[in-house]
Amino acid sequence: MILAVDTSIGSGAAVVAPDGEILSEAESENALGHAEVIGTLLERALADAGVGPDRITHVAAGMGPGPFTGLRIGIAAARAFALGRGVPVLGIASHDAVAAELTIAFPTGGFAVATDARRRENAISVYGDLDGWGLPRRIAGPELRPRDADLSADPLLAPLRDLDGDRFVLATRIPIGALGRLAAIRLRAGETRGVTEPLYLRSPDVTAPAPRKRVGS
């Protein structure tokens, strides 16, 4: 039984059965206030699914890309829950969850997923054909690009140039149930760790101060 958590754009939590059935989803579209809502969303997802914390065997953590402050709250919540229950965490790239849902629109793959990365930039991932599980393979990214940039000649999107139609999708939410379902598929395939480091894409605004210089007497 999988508890999925993501705060890369808004905030979300879901409970997903081992076969990939989504039992519950609880989401907030607010791009701020992750710390204030994530605990409530976790409680709601468990309650709506009728699943107690003791039945959770894995936690799926959305690893971004996303802004530093918001993203780390969801990862911390996922790791704290897993630590308390003594269960493993499987890191999932948040864009991969969006891509999994887009196979309805692009049944053979071949598209780009973008999300707002703040500072007038988008985070972009490019997906190619489908793997043996019917999921799009991420072949490039995530990388940052200016929101108003002309991407027609950008090497990042080169794999999509010969494909018909608009293949660029700007996502405004991470489908939290799809993230949990993706974790279920990867666990069945034998994957146990997934993405191990957060996909921040840029350094945090606040950094530790440099050591004080020693002044001789």
# chains A, B, ... in the order shown; residues from 1 in each chain; ligands from 1

call {"tool": "residues_around", "arguments": {"residues": "Ile124 in chain A", "least_positions_apart": "6", "cutoff": "9 Å", "atoms": "only C-alpha atoms", "output": "number ranges by chain"}}
result
A: 65, 95, 112-115, 140-145, 156, 170

call {"tool": "write_last_selection", "arguments": {"atoms": "N, CA, C and O atoms", "output": "compact mmCIF listing (two decimals), in the first residue's frame"}}
result
# COMPACT_ATOMS: atom_id res chain seq x y z
N PRO A 65 11.11 18.34 -10.74
CA PRO A 65 11.66 19.66 -10.37
C PRO A 65 10.64 20.56 -9.69
O PRO A 65 9.44 20.42 -9.90
N HIS A 95 7.64 15.28 -12.92
CA HIS A 95 7.27 15.36 -14.33
C HIS A 95 6.87 13.99 -14.88
O HIS A 95 6.04 13.89 -15.80
N ALA A 112 6.88 17.08 -24.57
CA ALA A 112 7.63 17.75 -23.50
C ALA A 112 6.66 18.18 -22.41
O ALA A 112 5.53 18.60 -22.69
N VAL A 113 7.10 18.09 -21.18
CA VAL A 113 6.35 18.55 -20.01
C VAL A 113 7.07 19.74 -19.41
O VAL A 113 8.29 19.68 -19.18
N ALA A 114 6.35 20.82 -19.16
CA ALA A 114 6.93 22.00 -18.53
C ALA A 114 6.10 22.38 -17.31
O ALA A 114 4.87 22.21 -17.30
N THR A 115 6.77 22.87 -16.28
CA THR A 115 6.10 23.40 -15.10
C THR A 115 6.76 24.72 -14.71
O THR A 115 7.93 24.95 -15.01
N ALA A 140 15.38 13.56 -21.89
CA ALA A 140 16.15 14.80 -21.67
C ALA A 140 15.48 15.60 -20.55
O ALA A 140 14.27 15.57 -20.38
N GLY A 141 16.31 16.32 -19.79
CA GLY A 141 15.80 17.16 -18.73
C GLY A 141 15.60 16.39 -17.43
O GLY A 141 15.92 15.20 -17.35
N PRO A 142 15.06 17.08 -16.44
CA PRO A 142 14.55 18.45 -16.52
C PRO A 142 15.64 19.50 -16.58
O PRO A 142 16.68 19.36 -15.94
N GLU A 143 15.36 20.56 -17.35
CA GLU A 143 16.25 21.71 -17.44
C GLU A 143 15.43 22.99 -17.40
O GLU A 143 14.24 22.99 -17.76
N LEU A 144 16.07 24.07 -16.96
CA LEU A 144 15.40 25.36 -16.89
C LEU A 144 15.55 26.12 -18.20
O LEU A 144 16.61 26.10 -18.82
N ARG A 145 14.46 26.79 -18.59
CA ARG A 145 14.48 27.68 -19.74
C ARG A 145 13.65 28.93 -19.41
O ARG A 145 12.64 28.83 -18.70
N LEU A 156 17.30 21.02 -26.58
CA LEU A 156 16.53 20.21 -25.63
C LEU A 156 15.31 19.58 -26.29
O LEU A 156 14.95 18.43 -26.00
N LEU A 170 2.27 22.51 -20.90
CA LEU A 170 2.54 23.24 -19.66
C LEU A 170 1.58 22.72 -18.59
O LEU A 170 0.37 22.95 -18.67

call {"tool": "residues_around", "arguments": {"residues": "range 126-136 of chain A", "least_positions_apart": "3", "cutoff": "10 Å", "atoms": "only C-alpha atoms", "output": "PyMOL selection string"}}
result
chain A and resi 95-97+99-103+106-114+139-143+156-160+167-168+182+185-186+189

call {"tool": "residues_around", "arguments": {"residues": "Asp48 in chain A", "least_positions_apart": "5", "cutoff": "9 Å", "atoms": "only C-alpha atoms", "output": "list of chain:residue names"}}
result
A:Val15, A:Leu23, A:Ser24, A:Glu25, A:Ala26, A:Glu43

call {"tool": "select_by_dssp", "arguments": {"residues": "range 70-171 of chain A", "states": "strand (DSSP E)", "output": "JSON, numbers by chain"}}
result
{"A": [89, 90, 91, 92, 111, 112, 113, 114, 115, 116, 121, 122, 123, 124, 125, 126, 127, 128, 129, 130, 136, 137, 138, 139, 140, 141, 142, 143, 144, 145, 146, 168, 169, 170]}

call {"tool": "select_by_dssp", "arguments": {"residues": "range 155-202 of chain A", "states": "alpha helix (DSSP H)", "output": "list in words"}}
result
Ile176, Gly177, Ala178, Leu179, Gly180, Arg181, Leu182, Ala183, Ala184, Ile185, Arg186, Leu187 and Arg188 of chain A

call {"tool": "atom_distance", "arguments": {"atom1": "CA of Pro198 in chain A", "atom2": "CA of Met63 in chain A"}}
result
4.8 Å

call {"tool": "atom_distance", "arguments": {"atom1": "CA of Leu163 in chain A", "atom2": "CA of Ala93 in chain A"}}
result
24.6 Å

call {"tool": "atom_distance", "arguments": {"atom1": "CA of Ala4 in chain A", "atom2": "CA of Ile176 in chain A"}}
result
6.7 Å

call {"tool": "closest_residue", "arguments": {"among": "A:Ala153, A:Ile56, A:Ala123, A:Ala183", "to": "Gly84 in chain A", "atoms": "only C-alpha atoms"}}
result
A:Ile56

call {"tool": "closest_residue", "arguments": {"among": "A:Val98, A:Gly39, A:Arg44, A:Asp150", "to": "Arg181 in chain A", "atoms": "only C-alpha atoms"}}
result
A:Val98

call {"tool": "residues_around", "arguments": {"residues": "Ser28 in chain A", "least_positions_apart": "4", "cutoff": "9 Å", "atoms": "only C-alpha atoms", "output": "PyMOL selection string"}}
result
chain A and resi 10-12+34+37-38+41

call {"tool": "write_last_selection", "arguments": {"atoms": "C-alpha atoms", "output": "mmCIF file, in the first residue's frame"}}
result
data_model
loop_
_atom_site.group_PDB
_atom_site.id
_atom_site.type_symbol
_atom_site.label_atom_id
_atom_site.label_comp_id
_atom_site.auth_asym_id
_atom_site.auth_seq_id
_atom_site.Cartn_x
_atom_site.Cartn_y
_atom_site.Cartn_z
ATOM 1 C CA GLY A 10 0.762 22.656 -5.318
ATOM 2 C CA SER A 11 0.509 20.068 -2.549
ATOM 3 C CA GLY A 12 -0.936 16.587 -2.792
ATOM 4 C CA HIS A 34 2.845 23.747 1.615
ATOM 5 C CA VAL A 37 -1.542 22.004 4.418
ATOM 6 C CA ILE A 38 0.561 18.879 3.854
ATOM 7 C CA LEU A 41 -3.734 16.356 3.166
#

call {"tool": "residues_around", "arguments": {"residues": "range 57-62 of chain A", "least_positions_apart": "4", "cutoff": "10 Å", "atoms": "only C-alpha atoms", "output": "VMD selection string"}}
result
chain A and resid 1 to 8 12 to 16 18 53 66 71 to 72 74 to 79 81 to 83 85 to 97 174 176 179 to 184 187 192 to 196 198 to 199

call {"tool": "decode", "arguments": {"residues": "range 135-201 of chain A", "atoms": "C-alpha atoms", "output": "JSON list (two decimals), in the first residue's frame"}}
result
[["chain", "number", "residue", "atom", "x", "y", "z"],
["A", 135, "LEU", "CA", 5.16, 4.60, -19.73],
["A", 136, "PRO", "CA", 7.00, 7.40, -21.58],
["A", 137, "ARG", "CA", 10.77, 7.33, -21.30],
["A", 138, "ARG", "CA", 12.33, 10.62, -20.12],
["A", 139, "ILE", "CA", 15.11, 11.26, -22.63],
["A", 140, "ALA", "CA", 16.15, 14.80, -21.67],
["A", 141, "GLY", "CA", 15.80, 17.16, -18.73],
["A", 142, "PRO", "CA", 14.55, 18.45, -16.52],
["A", 143, "GLU", "CA", 16.25, 21.71, -17.44],
["A", 144, "LEU", "CA", 15.40, 25.36, -16.89],
["A", 145, "ARG", "CA", 14.48, 27.68, -19.74],
["A", 146, "PRO", "CA", 13.23, 31.31, -19.72],
["A", 147, "ARG", "CA", 9.44, 31.34, -19.85],
["A", 148, "ASP", "CA", 9.31, 33.60, -22.90],
["A", 149, "ALA", "CA", 12.24, 31.99, -24.77],
["A", 150, "ASP", "CA", 11.93, 30.88, -28.38],
["A", 151, "LEU", "CA", 12.48, 27.11, -28.13],
["A", 152, "SER", "CA", 12.16, 26.37, -31.83],
["A", 153, "ALA", "CA", 15.91, 25.83, -32.18],
["A", 154, "ASP", "CA", 16.64, 24.69, -28.63],
["A", 155, "PRO", "CA", 18.59, 21.37, -28.63],
["A", 156, "LEU", "CA", 16.53, 20.21, -25.63],
["A", 157, "LEU", "CA", 13.43, 19.85, -27.83],
["A", 158, "ALA", "CA", 15.25, 18.49, -30.88],
["A", 159, "PRO", "CA", 13.76, 14.96, -30.48],
["A", 160, "LEU", "CA", 10.26, 16.40, -31.06],
["A", 161, "ARG", "CA", 10.92, 18.44, -34.19],
["A", 162, "ASP", "CA", 9.87, 15.79, -36.70],
["A", 163, "LEU", "CA", 6.63, 14.91, -34.86],
["A", 164, "ASP", "CA", 3.24, 16.30, -35.86],
["A", 165, "GLY", "CA", 1.24, 18.73, -33.75],
["A", 166, "ASP", "CA", 1.97, 20.70, -30.61],
["A", 167, "ARG", "CA", 4.00, 18.45, -28.34],
["A", 168, "PHE", "CA", 4.70, 21.00, -25.57],
["A", 169, "VAL", "CA", 2.48, 20.67, -22.48],
["A", 170, "LEU", "CA", 2.54, 23.24, -19.66],
["A", 171, "ALA", "CA", 1.30, 21.41, -16.57],
["A", 172, "THR", "CA", -0.35, 23.35, -13.75],
["A", 173, "ARG", "CA", -0.58, 20.44, -11.30],
["A", 174, "ILE", "CA", 1.12, 17.16, -10.51],
["A", 175, "PRO", "CA", -1.45, 14.33, -10.65],
["A", 176, "ILE", "CA", -0.73, 12.85, -7.25],
["A", 177, "GLY", "CA", -2.64, 9.64, -7.90],
["A", 178, "ALA", "CA", -0.62, 9.06, -11.07],
["A", 179, "LEU", "CA", 2.58, 9.55, -9.06],
["A", 180, "GLY", "CA", 1.49, 6.81, -6.66],
["A", 181, "ARG", "CA", 0.45, 4.55, -9.53],
["A", 182, "LEU", "CA", 3.83, 5.09, -11.17],
["A", 183, "ALA", "CA", 5.51, 4.09, -7.91],
["A", 184, "ALA", "CA", 3.41, 0.90, -7.82],
["A", 185, "ILE", "CA", 4.52, -0.02, -11.36],
["A", 186, "ARG", "CA", 8.17, 0.61, -10.58],
["A", 187, "LEU", "CA", 7.99, -1.42, -7.38],
["A", 188, "ARG", "CA", 6.50, -4.33, -9.34],
["A", 189, "ALA", "CA", 9.42, -3.96, -11.76],
["A", 190, "GLY", "CA", 11.85, -4.37, -8.87],
["A", 191, "GLU", "CA", 12.93, -0.73, -8.49],
["A", 192, "THR", "CA", 13.51, 0.13, -4.85],
["A", 193, "ARG", "CA", 15.13, 3.58, -4.68],
["A", 194, "GLY", "CA", 14.15, 5.65, -7.70],
["A", 195, "VAL", "CA", 15.29, 9.28, -7.78],
["A", 196, "THR", "CA", 17.52, 9.74, -4.74],
["A", 197, "GLU", "CA", 18.25, 13.49, -4.89],
["A", 198, "PRO", "CA", 15.74, 16.37, -5.16],
["A", 199, "LEU", "CA", 15.58, 17.99, -8.60],
["A", 200, "TYR", "CA", 15.91, 21.61, -7.46],
["A", 201, "LEU", "CA", 17.64, 22.77, -10.70]]
